[in-house]
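Contents: one structure, followed by commentary.
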Amino acid sequence: MSRMKSMLAVLVLTAIVGIVPQVQAQTLKVVIGGSSAMWQTLALGAYNGGTSIVTGGGTTFHYTSTGNFNLTDTRSTVPTVDAGAIWIEWDSASPANVWAYIKVDSVVGVRCYFAAPHCNVNVASFPAPGNQISSTLWGADTAPPANIQALFTGGTLVTVGATDIRPEDALFATCRVNSTRGAGSGAGSDGLDGLGYNVNNNPGVCPNFNAGTAQTKGVGNAILSGVPGSSSKANVLAFNLSGTDPISGTALPPKFTVTNVGAAPIIFVHGRSNNLANLNNASETQLQAAFGGDNCDASAFGLASGAINIHLREPLSGTMNTTEATVFRRPTVYPNGVLGISQEKGVDADLHGFKLDNTTPCASGGGDRYRSIGTGQEVSSVLNSNVAGKFAQQKDGIGYTFFSYGNVSSISNNPGFGYITLNGVDPLFASYGTTIDPGQPTTAGVLPAEANLPAGACPTGFPCDEANIWKNGFSFPNLRNGTYRAWSLLRLVSTGTPSTNAIALVKASNKFVVTSIPDYVPAAAVAGLTTKELGLKLLRSHYQQKDGNGGNLGAGPAANSPEKGGDMGGVIIPTAIGVTTSKQTQLIQSTNSDSSSLGPQIRP
């Protein structure tokens with residue numbers, strides 16, 4: 001792009017941001033950007049059965065689109081655009097109350113909320129309604145009227161970030177990506193404190209604002225998809241949680257609010273057509289060998305030798321970072337050595353456009369590792385791993401995702417695909433390969449769908465009330481009892497009036513999580529329902545996240561209430577214990593190198 005065109009793009013987008021207050025004649029309740037994990041359930045909460053959750057709002061209408069909407073960060077010299085699917089809802093009040101949610105990666109959502117100015121959601125012209133949420137849940141989409149469309153054709157600012165990980169952990173992930181590949185100050189580093197997408201910052205270190213270096217240090221190289229033929233990418237831009245924006249130099253608000261939505265498990269999904277046909281369980285060390293590129297072969301899982309394809313997510317994904325911290329590379333306590341093997345081992349940040357091992361092949365086995373951008377591409381890659389022309393080898397693939405019925409719908413009720421237990425613990429049901437839970441498919445490891453449920457399990461249609469799917473009446477029993485350890489809390493980040501509106505939206509949506517779409521365990525008890533829902537009785541211990549030089553990222557638990565600070569890979573503890581003392585909120589799951597026992601360790 002020529003310099004003149006770049007300047008024109010900046011002027012146009014600056015103008016868009018500048019006119020936002022003028023086009024917002026309607027009442028914007030929340031404009032959410034981020035994680036796909038709660039996109040559907042929050043949509044149903046805002047819709048509220050067709051009756052606005054705002055008193056006096058009247059009838060509610062809805063619209064969804066595929067990935068045609070833009071989430072634009074204007075802090076970069078050439079404004080940076082991430083595309084995503086959106087839902088927009090409005091009611092018949094005058095002026096209308098409006099809710100919107102564009103789904104991108106978790107870290108993108110956090111970055112777009114903390115960016116100063118916030119990212120804006122925009123589209124040149126409205127596509128036809130996409131009906132991206134089943135009409136059986138809420139009917140057919142409606143095209144928004146002109147006054148609602150004007151909010152988005154003019155551009156409207158994000159007011160809420162949606163994320164699978166806390167803001168401190170999103171900041172950690174960004175600093176790790178947006179820096180030179182290598183080791184920070186820790187003597188026991190694995191050389192992956194920084195991942196190499198910006199050579200202008202020391203490994204793992206966040207940049208501070210400097211007018212002369214804001215663009216070079218604040219804007220890194222995009223992470224490219226490794227899926228053949230894909231042009232998908234994840235944009236790399238710095239942000240901060242307080243103080244000063246590292247790119248614009250604008251002062252940031254001193255406080256923000258994190259609203260817990262619910263806890264969702266990470267599940268590993270795979271093909272069952274050839275070399276992974278008999279895979280039912282894996283340990284952390286087995287998964288580390290495969291995803292870290294040491295053994296791209298079924299033998300990594302104790303099966304007969306045969307090449308397999310490994311599909312992993314980009315390191316700005318909340319899914320990737322949750323899995324990294326709970327299964328692969330544990331939170332570090334330098335100068336002790338890093339425990340586990342990172343998925344980023346052997347990845348060349350400059351040369352990974354086709355497949356991850358194109359410069360450093362897997363140490364053994366004949367398979368390949370591929371990078372997916374977004375949940376949809378990750379699950380699609382597993383689905384197509386055996387399809388001729390999609391990948392270099394037509395072999396069973398294995399990947400991972402946060403569970404939701406929408407996320408896994410393309411590979412549900414298909415004997416050619418399944419999920420596995422982690423250390424023998426089922427992430428979804430009470431016991432793998434049984435029919436203890438009435439909503440559990442009769443074939444071990446097959447993902448649940450309406451067609452494979454026992455008769456009468458969901459009399460009103462699938463999915464349905466959690467009391468109909470799980471025998472004890474509560475969803476995801478092994479997540480709730482603390483034995484399944486790869487999970488995270490889904491959250492909304494905001495402040496002020498949008499935060500108040502977000503809390504109301506979460507309360508409304510959690511009713512639908514219990515009665516209609518049990519995608520996750522509600523974070524809090526849900527009242528007013530026939531089905532009893534007590535909420536999550538666990539938390540992950542919070543601890544201080546640190547950069548590649550050992551400096552603190554964000555304010556840690558010692559300076560704040562125990563519910564603040566990073567918690568990726570934190571020890572799972574009952575809330576009655578965990579909310580009281582500082583030491584109990586600085587524990588990480590990190591003491592055993594072979595993953596046979598992950599006891600607590602204090603992270604200073």
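Each chain of the structure tokens is named A, B, ... in the order shown, its residues numbered from 1; ligands are numbered from 1 in display order.
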Using only C-alpha atoms, I'd like a table of the residues in stretch 319-399 of chain A that come within 8 Å of stretch 274-298 of chain A; for each, show the closest atom pair and its distance in Å rounded to one decimal, ordered by chain and ascending number, as JSON lines.
```
{"residue": "A:Val327", "atom": "CA", "partner": "A:Glu284", "partner_atom": "CA", "distance": 5.4}
{"residue": "A:Phe328", "atom": "CA", "partner": "A:Gln288", "partner_atom": "CA", "distance": 5.6}
{"residue": "A:Gly340", "atom": "CA", "partner": "A:Gln288", "partner_atom": "CA", "distance": 7.0}
{"residue": "A:Ile341", "atom": "CA", "partner": "A:Gln288", "partner_atom": "CA", "distance": 5.5}
{"residue": "A:Ser342", "atom": "CA", "partner": "A:Gly292", "partner_atom": "CA", "distance": 5.8}
{"residue": "A:Gln343", "atom": "CA", "partner": "A:Gly292", "partner_atom": "CA", "distance": 4.5}
{"residue": "A:Glu344", "atom": "CA", "partner": "A:Gly292", "partner_atom": "CA", "distance": 6.6}
{"residue": "A:Lys345", "atom": "CA", "partner": "A:Gly292", "partner_atom": "CA", "distance": 5.4}
{"residue": "A:Gly346", "atom": "CA", "partner": "A:Gly293", "partner_atom": "CA", "distance": 7.1}
{"residue": "A:Asp357", "atom": "CA", "partner": "A:Gly293", "partner_atom": "CA", "distance": 7.8}
{"residue": "A:Pro361", "atom": "CA", "partner": "A:Gly293", "partner_atom": "CA", "distance": 7.7}
{"residue": "A:Cys362", "atom": "CA", "partner": "A:Gly293", "partner_atom": "CA", "distance": 4.8}
{"residue": "A:Ala363", "atom": "CA", "partner": "A:Asp294", "partner_atom": "CA", "distance": 4.8}
{"residue": "A:Ser364", "atom": "CA", "partner": "A:Asn295", "partner_atom": "CA", "distance": 4.8}
{"residue": "A:Gly365", "atom": "CA", "partner": "A:Asp297", "partner_atom": "CA", "distance": 4.6}
{"residue": "A:Gly366", "atom": "CA", "partner": "A:Cys296", "partner_atom": "CA", "distance": 6.3}
{"residue": "A:Gly367", "atom": "CA", "partner": "A:Cys296", "partner_atom": "CA", "distance": 4.8}
{"residue": "A:Asp368", "atom": "CA", "partner": "A:Cys296", "partner_atom": "CA", "distance": 6.3}
{"residue": "A:Arg369", "atom": "CA", "partner": "A:Gly293", "partner_atom": "CA", "distance": 7.2}
{"residue": "A:Lys395", "atom": "CA", "partner": "A:Asn274", "partner_atom": "CA", "distance": 7.0}
{"residue": "A:Asp396", "atom": "CA", "partner": "A:Leu276", "partner_atom": "CA", "distance": 6.1}
{"residue": "A:Gly397", "atom": "CA", "partner": "A:Leu276", "partner_atom": "CA", "distance": 7.9}
```
Based on the selection just made, write all heavy atoms of those residues as a compact mmCIF listing (two decimals), in the first residue's frame.
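Saved file out.txt follows:
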```
# COMPACT_ATOMS: atom_id res chain seq x y z
N VAL A 327 -2.11 -28.04 30.42
CA VAL A 327 -1.72 -29.33 29.85
C VAL A 327 -0.27 -29.34 29.38
O VAL A 327 0.44 -30.32 29.57
CB VAL A 327 -2.64 -29.72 28.67
CG1 VAL A 327 -2.20 -31.03 28.02
CG2 VAL A 327 -4.09 -29.82 29.14
N PHE A 328 0.20 -28.26 28.77
CA PHE A 328 1.50 -28.28 28.11
C PHE A 328 2.60 -27.58 28.92
O PHE A 328 3.33 -28.24 29.65
CB PHE A 328 1.38 -27.65 26.72
CG PHE A 328 0.45 -28.41 25.82
CD1 PHE A 328 -0.78 -27.90 25.45
CD2 PHE A 328 0.81 -29.67 25.33
CE1 PHE A 328 -1.64 -28.61 24.63
CE2 PHE A 328 -0.03 -30.39 24.51
CZ PHE A 328 -1.27 -29.86 24.15
N GLY A 340 7.01 -29.24 31.55
CA GLY A 340 6.21 -29.51 30.37
C GLY A 340 6.88 -29.02 29.11
O GLY A 340 7.99 -28.49 29.10
N ILE A 341 6.17 -29.22 27.98
CA ILE A 341 6.67 -28.85 26.66
C ILE A 341 5.65 -27.95 25.99
O ILE A 341 4.47 -28.30 25.87
CB ILE A 341 6.91 -30.11 25.79
CG1 ILE A 341 7.92 -31.04 26.45
CG2 ILE A 341 7.37 -29.71 24.39
CD1 ILE A 341 8.07 -32.38 25.75
N SER A 342 6.08 -26.80 25.55
CA SER A 342 5.18 -25.85 24.90
C SER A 342 4.78 -26.33 23.51
O SER A 342 5.57 -26.95 22.79
CB SER A 342 5.84 -24.48 24.78
OG SER A 342 5.04 -23.59 24.03
N GLN A 343 3.56 -25.98 23.12
CA GLN A 343 3.12 -26.22 21.75
C GLN A 343 3.94 -25.42 20.74
O GLN A 343 3.99 -25.75 19.56
CB GLN A 343 1.66 -25.81 21.59
CG GLN A 343 0.70 -26.54 22.49
CD GLN A 343 -0.63 -25.82 22.56
OE1 GLN A 343 -1.43 -25.89 21.64
NE2 GLN A 343 -0.87 -25.11 23.64
N GLU A 344 4.58 -24.35 21.21
CA GLU A 344 5.34 -23.47 20.32
C GLU A 344 6.76 -23.96 20.07
O GLU A 344 7.52 -23.33 19.33
CB GLU A 344 5.38 -22.06 20.91
CG GLU A 344 4.02 -21.39 20.99
CD GLU A 344 3.36 -21.27 19.63
OE1 GLU A 344 3.97 -20.72 18.70
OE2 GLU A 344 2.21 -21.73 19.50
N LYS A 345 7.12 -25.09 20.63
CA LYS A 345 8.44 -25.65 20.41
C LYS A 345 8.64 -25.94 18.92
O LYS A 345 7.80 -26.57 18.28
CB LYS A 345 8.61 -26.94 21.21
CG LYS A 345 9.97 -27.60 21.06
CD LYS A 345 10.06 -28.88 21.89
CE LYS A 345 11.40 -29.57 21.70
NZ LYS A 345 11.48 -30.84 22.48
N GLY A 346 9.73 -25.46 18.35
CA GLY A 346 10.04 -25.74 16.96
C GLY A 346 9.30 -24.91 15.94
O GLY A 346 9.44 -25.12 14.74
N ASP A 357 5.99 -27.47 10.92
CA ASP A 357 7.29 -28.14 10.91
C ASP A 357 7.98 -28.04 9.55
O ASP A 357 8.80 -28.86 9.20
CB ASP A 357 7.12 -29.62 11.31
CG ASP A 357 6.28 -30.41 10.30
OD1 ASP A 357 5.77 -29.79 9.35
OD2 ASP A 357 6.16 -31.63 10.47
N PRO A 361 11.26 -30.34 11.05
CA PRO A 361 10.32 -31.46 11.06
C PRO A 361 10.18 -32.06 12.45
O PRO A 361 11.03 -31.88 13.32
CB PRO A 361 10.96 -32.45 10.09
CG PRO A 361 11.86 -31.64 9.23
CD PRO A 361 12.38 -30.56 10.12
N CYS A 362 9.08 -32.77 12.65
CA CYS A 362 8.90 -33.47 13.92
C CYS A 362 10.08 -34.38 14.17
O CYS A 362 10.64 -34.99 13.24
CB CYS A 362 7.60 -34.27 13.89
SG CYS A 362 6.12 -33.26 13.84
N ALA A 363 10.48 -34.47 15.43
CA ALA A 363 11.65 -35.27 15.78
C ALA A 363 11.49 -36.73 15.38
O ALA A 363 12.45 -37.40 15.02
CB ALA A 363 11.93 -35.15 17.27
N SER A 364 10.26 -37.24 15.44
CA SER A 364 9.98 -38.61 15.00
C SER A 364 8.54 -38.68 14.52
O SER A 364 7.74 -37.78 14.77
CB SER A 364 10.22 -39.60 16.14
OG SER A 364 9.34 -39.36 17.22
N GLY A 365 8.23 -39.75 13.83
CA GLY A 365 6.90 -39.89 13.27
C GLY A 365 6.80 -39.16 11.94
O GLY A 365 7.52 -38.20 11.68
N GLY A 366 5.89 -39.58 11.10
CA GLY A 366 5.80 -39.00 9.76
C GLY A 366 4.73 -37.97 9.60
O GLY A 366 4.44 -37.54 8.48
N GLY A 367 4.12 -37.51 10.70
CA GLY A 367 3.01 -36.58 10.60
C GLY A 367 3.45 -35.13 10.59
O GLY A 367 4.63 -34.80 10.60
N ASP A 368 2.46 -34.23 10.55
CA ASP A 368 2.71 -32.80 10.46
C ASP A 368 1.93 -32.05 11.54
O ASP A 368 0.88 -32.51 11.99
CB ASP A 368 2.28 -32.25 9.10
CG ASP A 368 3.02 -32.92 7.95
OD1 ASP A 368 4.25 -33.02 8.02
OD2 ASP A 368 2.36 -33.36 6.98
N ARG A 369 2.42 -30.85 11.90
CA ARG A 369 1.69 -29.95 12.78
C ARG A 369 1.19 -28.76 11.96
O ARG A 369 1.92 -28.22 11.13
CB ARG A 369 2.58 -29.42 13.91
CG ARG A 369 2.95 -30.46 14.94
CD ARG A 369 3.61 -29.81 16.15
NE ARG A 369 4.89 -29.19 15.81
CZ ARG A 369 5.54 -28.32 16.59
NH1 ARG A 369 5.00 -27.95 17.74
NH2 ARG A 369 6.68 -27.82 16.23
N LYS A 395 -4.51 -38.17 7.05
CA LYS A 395 -4.33 -38.94 8.27
C LYS A 395 -5.26 -38.39 9.35
O LYS A 395 -5.70 -37.25 9.29
CB LYS A 395 -2.88 -38.84 8.76
CG LYS A 395 -1.85 -39.38 7.76
CD LYS A 395 -2.01 -40.88 7.54
CE LYS A 395 -0.96 -41.42 6.60
NZ LYS A 395 -1.13 -42.87 6.33
N ASP A 396 -5.56 -39.24 10.32
CA ASP A 396 -6.35 -38.77 11.46
C ASP A 396 -5.67 -37.55 12.07
O ASP A 396 -4.45 -37.51 12.24
CB ASP A 396 -6.46 -39.86 12.52
CG ASP A 396 -7.53 -40.88 12.20
OD1 ASP A 396 -8.41 -40.59 11.37
OD2 ASP A 396 -7.49 -41.98 12.79
N GLY A 397 -6.49 -36.58 12.43
CA GLY A 397 -5.99 -35.39 13.09
C GLY A 397 -6.47 -35.30 14.52
O GLY A 397 -7.51 -35.87 14.88
```
message = So that I can check the surroundings of A:Ala37, please list as a VMD selection string every protein, DNA and RNA residue that reaches within 8 Å of it, counting only C-alpha atoms and ignoring chain neighbours fewer than 3 positions away.
response = chain A and resid 40 164 402 to 404 407 490
key: Counting only C-alpha atoms, the residue of A:Ser380, A:Gln26, A:Lys537, A:Thr591 that sits nearest A:Asn336   =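 Nearest candidate to A:Asn336 out of A:Ser380, A:Gln26, A:Lys537, A:Thr591: A:Thr591.
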ask   = Residues at most 12 Å from stretch 433-450 of chain A, counting only C-alpha atoms, excluding those fewer than 5 positions away in the same chain, as an MDAnalysis selection string?
value = chainID A and resid 267:272 277:281 403:421 424:428 455:477 518:519
query = Near stretch 105-110 of chain A, within 8 Å and counting only C-alpha atoms, which residues show up once chain neighbours fewer than 3 positions away are dropped, as a ChimeraX atom specification?
reply = /A:32-36,113-114,161-165,167,170-171,173-174,316-318,374,493
Requested write-out: all heavy atoms of the selected residues, as a compact mmCIF listing (two decimals), in the first residue's frame:
```txt
# COMPACT_ATOMS: atom_id res chain seq x y z
N ILE A 32 -20.01 -5.98 22.57
CA ILE A 32 -19.05 -6.97 23.06
C ILE A 32 -18.17 -7.43 21.92
O ILE A 32 -18.64 -7.66 20.80
CB ILE A 32 -19.78 -8.18 23.68
CG1 ILE A 32 -20.78 -7.72 24.75
CG2 ILE A 32 -18.78 -9.16 24.28
CD1 ILE A 32 -21.66 -8.85 25.28
N GLY A 33 -16.89 -7.61 22.19
CA GLY A 33 -15.97 -8.23 21.25
C GLY A 33 -15.14 -9.27 21.95
O GLY A 33 -14.66 -9.04 23.06
N GLY A 34 -14.99 -10.44 21.33
CA GLY A 34 -14.12 -11.45 21.93
C GLY A 34 -14.57 -12.88 21.72
O GLY A 34 -15.14 -13.23 20.68
N SER A 35 -14.33 -13.72 22.72
CA SER A 35 -14.44 -15.18 22.67
C SER A 35 -15.75 -15.69 22.08
O SER A 35 -16.82 -15.15 22.35
CB SER A 35 -14.29 -15.73 24.09
OG SER A 35 -14.65 -17.08 24.16
N SER A 36 -15.65 -16.78 21.33
CA SER A 36 -16.83 -17.41 20.75
C SER A 36 -17.55 -18.32 21.75
O SER A 36 -18.69 -18.73 21.50
CB SER A 36 -16.43 -18.25 19.53
OG SER A 36 -15.56 -19.32 19.91
N TYR A 113 -10.88 -3.96 24.03
CA TYR A 113 -11.50 -3.23 25.13
C TYR A 113 -10.51 -2.27 25.79
O TYR A 113 -10.83 -1.11 26.08
CB TYR A 113 -12.07 -4.17 26.18
CG TYR A 113 -12.51 -3.41 27.41
CD1 TYR A 113 -13.64 -2.60 27.38
CD2 TYR A 113 -11.76 -3.44 28.58
CE1 TYR A 113 -14.01 -1.84 28.48
CE2 TYR A 113 -12.13 -2.69 29.69
CZ TYR A 113 -13.25 -1.89 29.63
OH TYR A 113 -13.61 -1.13 30.71
N PHE A 114 -9.27 -2.72 26.03
CA PHE A 114 -8.29 -1.88 26.73
C PHE A 114 -7.59 -0.88 25.80
O PHE A 114 -6.97 0.07 26.28
CB PHE A 114 -7.26 -2.75 27.44
CG PHE A 114 -7.77 -3.36 28.71
CD1 PHE A 114 -8.23 -4.67 28.72
CD2 PHE A 114 -7.83 -2.64 29.88
CE1 PHE A 114 -8.71 -5.25 29.89
CE2 PHE A 114 -8.31 -3.20 31.05
CZ PHE A 114 -8.77 -4.51 31.05
N GLY A 161 -15.23 -6.53 26.75
CA GLY A 161 -14.41 -7.60 26.20
C GLY A 161 -14.89 -8.94 26.71
O GLY A 161 -15.20 -9.09 27.89
N ALA A 162 -14.98 -9.92 25.81
CA ALA A 162 -15.38 -11.29 26.18
C ALA A 162 -14.16 -12.20 26.06
O ALA A 162 -13.48 -12.21 25.04
CB ALA A 162 -16.49 -11.78 25.26
N THR A 163 -13.87 -12.94 27.12
CA THR A 163 -12.61 -13.67 27.16
C THR A 163 -12.72 -14.97 27.93
O THR A 163 -13.49 -15.08 28.89
CB THR A 163 -11.50 -12.78 27.76
OG1 THR A 163 -10.30 -13.52 27.88
CG2 THR A 163 -11.90 -12.23 29.13
N ASP A 164 -11.89 -15.95 27.53
CA ASP A 164 -11.79 -17.23 28.24
C ASP A 164 -10.76 -17.16 29.36
O ASP A 164 -10.65 -18.11 30.14
CB ASP A 164 -11.35 -18.34 27.28
CG ASP A 164 -12.14 -18.37 25.99
OD1 ASP A 164 -13.33 -18.05 26.02
OD2 ASP A 164 -11.56 -18.72 24.95
N ILE A 165 -9.97 -16.10 29.40
CA ILE A 165 -8.90 -15.97 30.39
C ILE A 165 -8.94 -14.56 30.99
O ILE A 165 -9.49 -13.64 30.39
CB ILE A 165 -7.51 -16.24 29.78
CG1 ILE A 165 -7.28 -15.36 28.54
CG2 ILE A 165 -7.35 -17.71 29.45
CD1 ILE A 165 -5.93 -15.55 27.88
N PRO A 167 -7.82 -10.78 32.16
CA PRO A 167 -7.04 -9.77 31.43
C PRO A 167 -5.53 -9.88 31.66
O PRO A 167 -4.75 -9.66 30.74
CB PRO A 167 -7.60 -8.45 31.97
CG PRO A 167 -8.98 -8.77 32.41
CD PRO A 167 -8.92 -10.17 32.93
N ALA A 170 -4.32 -12.52 29.39
CA ALA A 170 -4.33 -12.04 28.00
C ALA A 170 -3.14 -11.12 27.74
O ALA A 170 -2.52 -11.16 26.67
CB ALA A 170 -5.65 -11.32 27.72
N LEU A 171 -2.80 -10.28 28.73
CA LEU A 171 -1.63 -9.42 28.60
C LEU A 171 -0.36 -10.26 28.52
O LEU A 171 0.53 -9.99 27.70
CB LEU A 171 -1.57 -8.45 29.78
CG LEU A 171 -0.39 -7.46 29.78
CD1 LEU A 171 -0.45 -6.53 28.58
CD2 LEU A 171 -0.38 -6.65 31.08
N ALA A 173 -0.07 -13.30 27.40
CA ALA A 173 -0.04 -13.95 26.08
C ALA A 173 0.44 -12.98 25.01
O ALA A 173 1.23 -13.34 24.13
CB ALA A 173 -1.43 -14.49 25.74
N THR A 174 -0.04 -11.73 25.06
CA THR A 174 0.34 -10.75 24.06
C THR A 174 1.81 -10.39 24.16
O THR A 174 2.51 -10.28 23.15
CB THR A 174 -0.52 -9.48 24.22
OG1 THR A 174 -1.89 -9.82 24.00
CG2 THR A 174 -0.12 -8.41 23.23
N LEU A 316 -2.53 -16.28 20.56
CA LEU A 316 -3.36 -15.20 21.05
C LEU A 316 -4.76 -15.69 21.36
O LEU A 316 -5.67 -14.89 21.61
CB LEU A 316 -3.42 -14.05 20.02
CG LEU A 316 -2.16 -13.22 19.87
CD1 LEU A 316 -2.36 -12.12 18.84
CD2 LEU A 316 -1.72 -12.62 21.20
N SER A 317 -4.95 -16.98 21.33
CA SER A 317 -6.24 -17.60 21.61
C SER A 317 -6.36 -17.92 23.09
O SER A 317 -5.44 -18.47 23.70
CB SER A 317 -6.37 -18.89 20.78
OG SER A 317 -7.26 -19.79 21.37
N GLY A 318 -7.52 -17.59 23.68
CA GLY A 318 -7.76 -18.00 25.06
C GLY A 318 -7.79 -19.51 25.19
O GLY A 318 -7.35 -20.07 26.20
N GLY A 374 -8.63 -19.52 15.05
CA GLY A 374 -10.04 -19.53 15.42
C GLY A 374 -10.57 -20.94 15.66
O GLY A 374 -10.08 -21.93 15.10
N VAL A 493 -15.30 -8.31 30.52
CA VAL A 493 -14.48 -7.25 31.11
C VAL A 493 -15.05 -5.91 30.69
O VAL A 493 -15.25 -5.66 29.49
CB VAL A 493 -13.02 -7.35 30.66
CG1 VAL A 493 -12.16 -6.32 31.39
CG2 VAL A 493 -12.48 -8.75 30.88
```
Alpha helix (DSSP H) call set, DSSP backbone run, stretch 158-390 of chain A, as a PyMOL selection string = chain A and resi 167-177+214-218+284-291+318-323+375-384
key: Secondary structure check, strand (DSSP E or B) residues of stretch 395-595 of chain A, as a ChimeraX atom specification   = /A:397-402,417-419,421-422,425,487-494,521-522,526,533,538-540,543,545-546,552-553,566,570,572-574,587-589
request  = Excluding A:Tyr484 and any residue of its chain fewer than 2 positions from it, enumerate the residues within 8 Å of it, using only C-alpha atoms, and give them as number ranges by chain.
outcome  = A: 422, 425-427, 478-479, 481-482, 486-487
With C-alpha atoms kept, could you save the residues just selected as a compact mmCIF listing (two decimals), in the first residue's frame?
```txt
# COMPACT_ATOMS: atom_id res chain seq x y z
CA LEU A 422 -7.39 -36.66 30.10
CA VAL A 425 -11.07 -38.37 33.47
CA ASP A 426 -13.99 -37.62 31.15
CA PRO A 427 -14.44 -33.86 30.47
CA ASN A 478 -15.90 -33.97 36.64
CA LEU A 479 -15.25 -30.28 36.08
CA ASN A 481 -15.80 -31.99 41.35
CA GLY A 482 -12.29 -30.78 40.43
CA ALA A 486 -8.24 -28.46 31.78
CA TRP A 487 -10.85 -25.71 32.07
```
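Taking only C-alpha atoms into account, A:Gly554 lies nearest to A:Cys206 out of the set A:Ala46, A:Ile86, A:Gly186, A:Cys206.
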ask   = To one decimal place, how far is atom CA of A:Val199 from atom CA of A:Asn235 in Å?
value =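 Computing it gives 15.4 Å between the two atoms.
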Can you tell me which residues surround A:Leu71 at a distance of at most 10 Å, considering only C-alpha atoms, apart from same-chain residues fewer than 4 positions away, and format the answer as a PDB file with C-alpha atoms, in the first residue's frame?
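Wrote part-v6.pdb, looks like this:
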```pdb
ATOM      1  CA  GLY A  33     -15.972  -8.232  21.247  1.00  0.00           C
ATOM      2  CA  GLY A  34     -14.125 -11.454  21.933  1.00  0.00           C
ATOM      3  CA  THR A  80      -5.708  -3.220  11.933  1.00  0.00           C
ATOM      4  CA  VAL A  81      -8.831  -5.211  11.128  1.00  0.00           C
ATOM      5  CA  ASP A  82     -10.043  -8.501  12.625  1.00  0.00           C
ATOM      6  CA  ALA A  83     -13.188  -9.974  11.074  1.00  0.00           C
ATOM      7  CA  GLY A  84     -15.865 -11.945  12.868  1.00  0.00           C
ATOM      8  CA  ILE A 102     -18.757  -9.771  17.476  1.00  0.00           C
ATOM      9  CA  LYS A 103     -16.817 -12.992  18.036  1.00  0.00           C
ATOM     10  CA  VAL A 104     -13.056 -13.079  17.598  1.00  0.00           C
ATOM     11  CA  VAL A 108      -8.333  -9.744  20.603  1.00  0.00           C
ATOM     12  CA  GLY A 109     -11.455  -8.964  22.645  1.00  0.00           C
ATOM     13  CA  CYS A 112      -9.902  -4.126  21.804  1.00  0.00           C
ATOM     14  CA  HIS A 118     -11.297   1.143  21.917  1.00  0.00           C
ATOM     15  CA  CYS A 119     -11.626  -0.821  18.692  1.00  0.00           C
ATOM     16  CA  ASN A 120     -14.749  -0.042  16.691  1.00  0.00           C
ATOM     17  CA  VAL A 121     -17.199  -2.466  15.082  1.00  0.00           C
ATOM     18  CA  ASN A 122     -18.034  -1.513  11.530  1.00  0.00           C
ATOM     19  CA  VAL A 123     -19.299  -2.826   8.204  1.00  0.00           C
ATOM     20  CA  GLY A 155     -18.733   2.438  13.388  1.00  0.00           C
ATOM     21  CA  THR A 156     -19.435   1.938  17.094  1.00  0.00           C
ATOM     22  CA  LEU A 157     -16.917   1.375  19.880  1.00  0.00           C
ATOM     23  CA  VAL A 158     -16.457  -1.860  21.826  1.00  0.00           C
TER      24      VAL A 158
END
```
Per residue of stretch 318-413 of chain A within 6 Å of stretch 188-196 of chain A, record the nearest atom pair and its distance in Å to one decimal, counting only C-alpha atoms, with rows in chain order and ascending residue number, as a Markdown table.
```
| residue | atom | partner | partner_atom | distance |
| --- | --- | --- | --- | --- |
| A:Pro335 | CA | A:Gly188 | CA | 5.2 |
| A:Asn336 | CA | A:Gly188 | CA | 5.2 |
| A:Gly337 | CA | A:Gly188 | CA | 3.8 |
| A:Val338 | CA | A:Ser189 | CA | 5.9 |
| A:Ala349 | CA | A:Gly196 | CA | 5.6 |
```
Writing out the chosen residues with all heavy atoms as an mmCIF file, in the first residue's frame:
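Okay, result.cif is ready:
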```
data_model
loop_
_atom_site.group_PDB
_atom_site.id
_atom_site.type_symbol
_atom_site.label_atom_id
_atom_site.label_comp_id
_atom_site.auth_asym_id
_atom_site.auth_seq_id
_atom_site.Cartn_x
_atom_site.Cartn_y
_atom_site.Cartn_z
ATOM 1 N N PRO A 335 14.084 -19.403 39.297
ATOM 2 C CA PRO A 335 14.975 -20.006 38.304
ATOM 3 C C PRO A 335 14.786 -21.504 38.094
ATOM 4 O O PRO A 335 15.599 -22.122 37.415
ATOM 5 C CB PRO A 335 16.362 -19.720 38.878
ATOM 6 C CG PRO A 335 16.146 -19.800 40.361
ATOM 7 C CD PRO A 335 14.780 -19.201 40.589
ATOM 8 N N ASN A 336 13.769 -22.113 38.681
ATOM 9 C CA ASN A 336 13.516 -23.522 38.402
ATOM 10 C C ASN A 336 13.188 -23.697 36.923
ATOM 11 O O ASN A 336 12.698 -22.778 36.254
ATOM 12 C CB ASN A 336 12.359 -24.036 39.248
ATOM 13 C CG ASN A 336 12.659 -23.995 40.734
ATOM 14 O OD1 ASN A 336 13.810 -24.099 41.133
ATOM 15 N ND2 ASN A 336 11.629 -23.822 41.549
ATOM 16 N N GLY A 337 13.419 -24.875 36.393
ATOM 17 C CA GLY A 337 13.165 -25.140 34.993
ATOM 18 C C GLY A 337 11.683 -25.163 34.663
ATOM 19 O O GLY A 337 10.842 -25.434 35.525
ATOM 20 N N VAL A 338 11.374 -24.875 33.412
ATOM 21 C CA VAL A 338 9.992 -24.948 32.935
ATOM 22 C C VAL A 338 9.529 -26.394 32.957
ATOM 23 O O VAL A 338 10.262 -27.307 32.546
ATOM 24 C CB VAL A 338 9.890 -24.385 31.499
ATOM 25 C CG1 VAL A 338 8.523 -24.660 30.902
ATOM 26 C CG2 VAL A 338 10.180 -22.899 31.511
ATOM 27 N N ALA A 349 8.636 -18.321 13.754
ATOM 28 C CA ALA A 349 7.664 -17.235 13.615
ATOM 29 C C ALA A 349 7.691 -16.599 12.235
ATOM 30 O O ALA A 349 6.708 -16.015 11.792
ATOM 31 C CB ALA A 349 7.930 -16.159 14.669
#
```
